[in-house]
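Below is one structure, written out as structure tokens; comments come after it.
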Amino acid sequence: MADVYYSRLITFVDGELRDYGKVYLIVKEGRVWRISKDRPEGKVINYEDFIIVPGFVDVHTHLAQIDVRARWEPNLLRWLERYIFPTEMRFQDESYAKEKAEEFFKELLRNGTTAAAVYSSPYRKATDIAFEIASHSGLWIIMGQVLMDLNAPSELLTSAEVAEKDIKYLSSKWHGCCGRIFYAVTPRFAVSCSMEMMKRISKIASARKLYIQTHLAEQEDEVEKVQEMYNEYGRYTEVYFHASLLTSRTIVAHAIYLADEDVNILKETDTAIAHCPSSNFFLHSGKMDIFRLKSAKIRIGFGSDIAAGPYFSMLEVARDASYTNKISPVESFYYITLGGAKALGISEHTGSLEIGKYADFVVIDISSLTDLDATKEEILSSLIYRGDDRNIMATYVGGRKMFGKS
Ligand SMILES: [Zn+2]
């Protein structure tokens with residue numbers, strides 16, 4: 001049995017923005033089976049007053065920080081101590097961990113996000129609970145327990161040995177589960193990780209083909225601190241390189257303060273970058289130069305970076321990206337759909353609406369933003385500069401409606 005949706009469909013296909021006009025999107029077994037101008041037989045779900053676009057991809061966000069969004073403190077290291085460490089400690093409580101994970105994945109869907117790379121909390125049990133809930137959400141989730149063995153309150157610290165055991169336990173249970181859930185080895189950043197632990201966990205990531213995610217060069221204070229701690233290894237990027245953390249399955253967030261040597265290392269290792277413009281605005285971290293990384297042909301996606309980024313909506317993140325760097329809304333739209341999927345290495349399956357890919361899509365009401373006859377560029381411009389969660393009518397993952405306004 002196929003499901004048929006009628007709507008104007010706008011998506012990137014390869015490098016091109018494509019406007020199919022009003023078409024029938026035919027979905028079979030969770031995948032796009034056909035896109036047709038001709039009405040097929042059977043029931044049609046009519047979305048002709050809306051548009052359909054691919055589900056959004058958030059390449060960097062923190063589940064455990066959902067309760068402390070928009071808490072003012074523009075210094076990263078102080079913000080971590082004041083708000084983030086205390087809120088992450090609460091995840092020792094399993095009922096709180098469950099409640100927050102449910103809220104978090106619901107919020108992703110309500111905002112039209114269908115794939116995300118997520119930092120859980122520093123606790124194995126809470127991360128296990130989060131995976132369990134993610135596995136029922138239909139979402140593409142790449143996630144990992146946050147690891148620190150230095151420079152944080154003792155309740156949040158692990159050791160290289162325990163970190164290794166936790167990764168083995170959680171990745172055996174969840175990596176590859178349902179075809180959409182993957183494990184990411186997640187050292188928070190070099191400031192809170194010993195070289196011993198980073199080396200040890202990168203080995204497991206390599207042996208088990210796991211993702212790796214971490215933060216890189218977000219603020220100047222942080223860069224200086226890493227330089228003090230790890231002077232013998234050279235620059236910040238070289239510290240991660242030395243620990244074998246930079247791979248084609250690695251996503252590093254921010255990457256603002258980079259020298260040309262750093263860019264070369266990221267390029268040579270095929271590391272992807274999570275650009276988080278809303279977070280960078282909020283913490284006054286500085287401006288990530290997207291053109292420089294683009295010209296080095298580094299894979300880039302956009303991240304909401306909850307809680308330093310105040311909002312889940314990738315439309316708002318895309319808007320901030322268009323303010324930070326002079327990139328068009330069409331290009332921003334690319335980064336929150338197909339570009340993000342490429343950064344996460346899942347673009348064969350999602351990120352655009354093409355035959356054979358999963359039917360991961362969002363139904364959007366643009367009537368309050370522009371008229372439906374506007375060009376595709378005008379629609380995306382209105383959507384990105386004025387749109388947010390209020391415009392999302394329904395979110396489908398793998399052909400299943402996982403969020404819908406009645
Ligand atoms: Zn982050």
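By convention here, the chains of the structure tokens are called A, B, ... in the order presented, each chain's residues are numbered starting at 1, and ligands are numbered starting at 1 in the order presented.
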
Notebook entry, point to check: Which residues, written as JSON, numbers by chain, have at least one atom at most 9 Å from segment 283-298 of chain A, with only C-alpha atoms counted and residues fewer than 6 positions away on the same chain left out?
Noted result: {"A": [72, 73, 74, 75, 76, 79, 218, 219, 220, 254, 255, 256, 257, 263, 264, 266, 267, 270, 271, 272, 273, 275, 276, 277, 308, 309, 324, 325, 327, 343]}

Next item on the list: May I have the residues within 12 Å of ligand 1, computed using only C-alpha atoms and all ligand atoms, as number ranges by chain?
Entry: A: 58-65, 76, 80, 84, 117-121, 146, 186-189, 213-218, 251-255, 273-280, 283, 302-310

Check: What lies within 6 Å of segment 382-388 of chain A using only C-alpha atoms, ignoring chain neighbours under 2 positions off, as a list of chain:residue names?
Finding: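 The contact residues come out as A:Ser313, A:Leu315, A:Arg319, A:Leu369, A:Ile379, A:Leu380, A:Arg390, A:Asn391.
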
Export, as a PDB file, in the first residue's frame, the selected residues with C-alpha atoms.
ATOM      1  CA  SER A 313      14.021  25.423  14.922  1.00  0.00           C
ATOM      2  CA  LEU A 315      14.775  27.633  10.223  1.00  0.00           C
ATOM      3  CA  ARG A 319      18.403  32.619   9.482  1.00  0.00           C
ATOM      4  CA  LEU A 369       4.793  34.492   5.348  1.00  0.00           C
ATOM      5  CA  ILE A 379       9.477  31.152  -0.528  1.00  0.00           C
ATOM      6  CA  LEU A 380      12.764  30.041   1.036  1.00  0.00           C
ATOM      7  CA  ARG A 390       4.736  27.816  14.292  1.00  0.00           C
ATOM      8  CA  ASN A 391       4.773  27.134  10.551  1.00  0.00           C
TER       9      ASN A 391
END

Check: Running DSSP on the backbone, which parts of segment 321-350 of chain A land in helix (DSSP H, G or I), as JSON, numbers by chain?
Finding: {"A": [321, 322, 323, 324, 329, 330, 331, 332, 333, 334, 335, 338, 339, 340, 341, 342, 343]}

Enumerate as a compact mmCIF listing (two decimals) with N, CA, C and O atoms, in the first residue's frame all residues of segment 182-308 of chain A assigned to strand (DSSP E) by DSSP on the backbone, naming them with the chain letters and numbers the document uses.
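Final file, result08.txt:
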# COMPACT_ATOMS: atom_id res chain seq x y z
N PHE A 182 22.59 5.57 15.76
CA PHE A 182 24.03 5.30 15.70
C PHE A 182 24.73 5.86 16.94
O PHE A 182 24.27 6.85 17.52
N TYR A 183 25.84 5.23 17.28
CA TYR A 183 26.58 5.68 18.46
C TYR A 183 27.70 6.64 18.08
O TYR A 183 28.44 6.39 17.11
N ALA A 184 27.84 7.70 18.85
CA ALA A 184 28.95 8.65 18.65
C ALA A 184 29.80 8.71 19.93
O ALA A 184 29.27 9.02 21.00
N VAL A 185 31.06 8.41 19.80
CA VAL A 185 32.01 8.62 20.91
C VAL A 185 32.09 10.14 21.10
O VAL A 185 32.35 10.88 20.15
N THR A 186 31.83 10.60 22.35
CA THR A 186 31.58 12.03 22.56
C THR A 186 32.44 12.65 23.68
O THR A 186 31.92 12.95 24.77
N PRO A 187 33.73 12.81 23.45
CA PRO A 187 34.52 13.59 24.43
C PRO A 187 34.07 15.05 24.34
O PRO A 187 33.97 15.58 23.24
N TYR A 211 30.69 6.88 15.15
CA TYR A 211 30.90 8.31 14.94
C TYR A 211 31.73 8.87 16.10
O TYR A 211 31.82 8.24 17.17
N ILE A 212 32.30 10.06 15.88
CA ILE A 212 32.98 10.80 16.95
C ILE A 212 32.45 12.23 16.88
O ILE A 212 32.29 12.76 15.77
N GLN A 213 32.14 12.82 18.02
CA GLN A 213 31.75 14.24 17.99
C GLN A 213 32.40 14.96 19.17
O GLN A 213 32.52 14.41 20.26
N THR A 214 32.83 16.18 18.90
CA THR A 214 33.44 16.99 19.97
C THR A 214 33.36 18.47 19.57
O THR A 214 32.82 18.80 18.52
N HIS A 215 33.87 19.33 20.46
CA HIS A 215 33.89 20.77 20.19
C HIS A 215 35.32 21.20 19.86
O HIS A 215 36.27 20.64 20.41
N LEU A 216 35.43 22.20 19.01
CA LEU A 216 36.76 22.69 18.63
C LEU A 216 36.75 24.22 18.48
O LEU A 216 35.94 24.76 17.72
N THR A 250 33.81 11.94 11.94
CA THR A 250 33.88 12.90 13.06
C THR A 250 33.17 14.21 12.69
O THR A 250 33.31 14.70 11.57
N ILE A 251 32.45 14.74 13.67
CA ILE A 251 31.82 16.06 13.51
C ILE A 251 32.34 16.94 14.63
O ILE A 251 32.15 16.63 15.81
N VAL A 252 33.02 18.03 14.27
CA VAL A 252 33.48 18.97 15.30
C VAL A 252 32.62 20.24 15.23
O VAL A 252 32.34 20.75 14.15
N ALA A 253 32.23 20.71 16.40
CA ALA A 253 31.35 21.88 16.44
C ALA A 253 32.16 23.16 16.59
O ALA A 253 33.16 23.19 17.30
N HIS A 254 31.71 24.19 15.93
CA HIS A 254 32.17 25.58 16.00
C HIS A 254 33.34 25.88 15.06
O HIS A 254 33.17 26.58 14.08
N ALA A 272 33.94 16.55 9.44
CA ALA A 272 32.83 17.46 9.14
C ALA A 272 32.72 18.53 10.23
O ALA A 272 33.14 18.30 11.37
N ILE A 273 32.15 19.68 9.86
CA ILE A 273 32.02 20.77 10.82
C ILE A 273 30.56 21.13 11.06
O ILE A 273 29.77 21.24 10.13
N ALA A 274 30.23 21.28 12.34
CA ALA A 274 28.91 21.75 12.73
C ALA A 274 29.01 23.25 12.99
O ALA A 274 29.66 23.67 13.94
N HIS A 275 28.39 24.02 12.10
CA HIS A 275 28.35 25.46 12.29
C HIS A 275 27.10 25.80 13.11
O HIS A 275 26.00 25.42 12.73
N ILE A 300 30.03 20.64 5.73
CA ILE A 300 29.49 21.53 6.78
C ILE A 300 28.00 21.27 6.93
O ILE A 300 27.29 21.11 5.94
N GLY A 301 27.53 21.24 8.18
CA GLY A 301 26.10 21.25 8.45
C GLY A 301 25.85 22.30 9.52
O GLY A 301 26.79 22.87 10.07
N PHE A 302 24.59 22.57 9.81
CA PHE A 302 24.26 23.55 10.84
C PHE A 302 23.73 22.83 12.09
O PHE A 302 23.02 21.83 11.99

Note to self: I'd like to know which of A:Met198, A:Leu372, A:Met143, A:Tyr83 is closest to Gly21 of chain A, using only C-alpha atoms.
What the structure shows: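 Of all the options, A:Leu372 lies closest to Gly21 of chain A.
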
Next item on the list: Rank nothing, just name the residue among A:Thr337, A:Ser137, A:Thr370, A:Ser95 nearest to Leu109 of chain A, using only C-alpha atoms.
Entry: A:Ser137

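Distances to Leu156 of chain A were evaluated for A:Lys22, A:Arg235, A:Arg71, A:Arg90 using only C-alpha atoms, and the minimum falls at A:Arg90.
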
Notebook entry, point to check: To one decimal place, how far is atom CA of Glu103 of chain A from atom CA of Tyr396 of chain A in Å?
Noted result: 17.7 Å

Item checked: All residues 9 Å or closer to Arg400 of chain A, only C-alpha atoms, same chain fewer than 6 positions away omitted, as a VMD selection string -> chain A and resid 30 138 359 to 360

Check: Smallest atom-to-atom distance to Val397 of chain A: which of A:Ser194, A:Thr87, A:Thr114, A:Ser171, using only C-alpha atoms?
Finding: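 Checking each candidate against Val397 of chain A, we get A:Thr114 as the closest.
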
Go through segment 71-111 of chain A residue by residue and, counting only C-alpha atoms, keep those with an atom at most 7 Å from segment 129-133 of chain A; for each kept residue give the shortest atom pair and its distance in Å to one decimal, ordered by chain and increasing number, as JSON lines.
{"residue": "A:Lys98", "atom": "CA", "partner": "A:Ile129", "partner_atom": "CA", "distance": 6.2}
{"residue": "A:Ala101", "atom": "CA", "partner": "A:Ala130", "partner_atom": "CA", "distance": 5.3}
{"residue": "A:Glu102", "atom": "CA", "partner": "A:Ile133", "partner_atom": "CA", "distance": 6.5}

Taking all heavy atoms for each residue, export the selection above as a PDB file, in the first residue's frame.
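Below is the file that was written, selection_38.pdb:
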ATOM      1  N   LYS A  98      14.386  10.351  31.780  1.00  0.00           N
ATOM      2  CA  LYS A  98      13.353   9.850  30.864  1.00  0.00           C
ATOM      3  C   LYS A  98      12.439  10.990  30.401  1.00  0.00           C
ATOM      4  O   LYS A  98      12.175  11.149  29.214  1.00  0.00           O
ATOM      5  CB  LYS A  98      12.539   8.771  31.600  1.00  0.00           C
ATOM      6  CG  LYS A  98      11.489   8.105  30.763  1.00  0.00           C
ATOM      7  CD  LYS A  98      10.972   6.859  31.477  1.00  0.00           C
ATOM      8  CE  LYS A  98       9.939   6.122  30.648  1.00  0.00           C
ATOM      9  NZ  LYS A  98       8.646   6.790  30.595  1.00  0.00           N
ATOM     10  N   ALA A 101      14.310  13.283  27.968  1.00  0.00           N
ATOM     11  CA  ALA A 101      14.556  12.679  26.652  1.00  0.00           C
ATOM     12  C   ALA A 101      13.262  12.672  25.837  1.00  0.00           C
ATOM     13  O   ALA A 101      13.263  12.976  24.639  1.00  0.00           O
ATOM     14  CB  ALA A 101      15.109  11.267  26.808  1.00  0.00           C
ATOM     15  N   GLU A 102      12.150  12.351  26.487  1.00  0.00           N
ATOM     16  CA  GLU A 102      10.865  12.372  25.769  1.00  0.00           C
ATOM     17  C   GLU A 102      10.569  13.772  25.232  1.00  0.00           C
ATOM     18  O   GLU A 102      10.181  13.948  24.084  1.00  0.00           O
ATOM     19  CB  GLU A 102       9.732  11.906  26.693  1.00  0.00           C
ATOM     20  CG  GLU A 102       9.696  10.393  26.767  1.00  0.00           C
ATOM     21  CD  GLU A 102       8.806   9.853  27.870  1.00  0.00           C
ATOM     22  OE1 GLU A 102       8.264  10.644  28.666  1.00  0.00           O
ATOM     23  OE2 GLU A 102       8.692   8.611  27.934  1.00  0.00           O
TER      24      GLU A 102
END

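Among the candidates A:Leu147, A:Phe241, A:Trp140, A:Thr158, the residue lying nearest to Val57 of chain A is A:Trp140 (atoms considered: only C-alpha atoms).
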
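Nearest-residue note for Ser367 of chain A: choosing from A:Ala126, A:Met393, A:Leu246, A:Met195, the minimum distance belongs to A:Met393, counting only C-alpha atoms.
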
Note to self: Which residues are close to Val363 of chain A, i.e. within 10 Å by only C-alpha atoms, leaving aside same-chain residues fewer than 3 positions away? Reply as a PyMOL selection string.
What the structure shows: chain A and resi 7-9+47+49-55+112+366+391-396+404

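Across the model, the gap from atom CA of Arg124 of chain A to atom CA of Glu161 of chain A is 13.6 Å.
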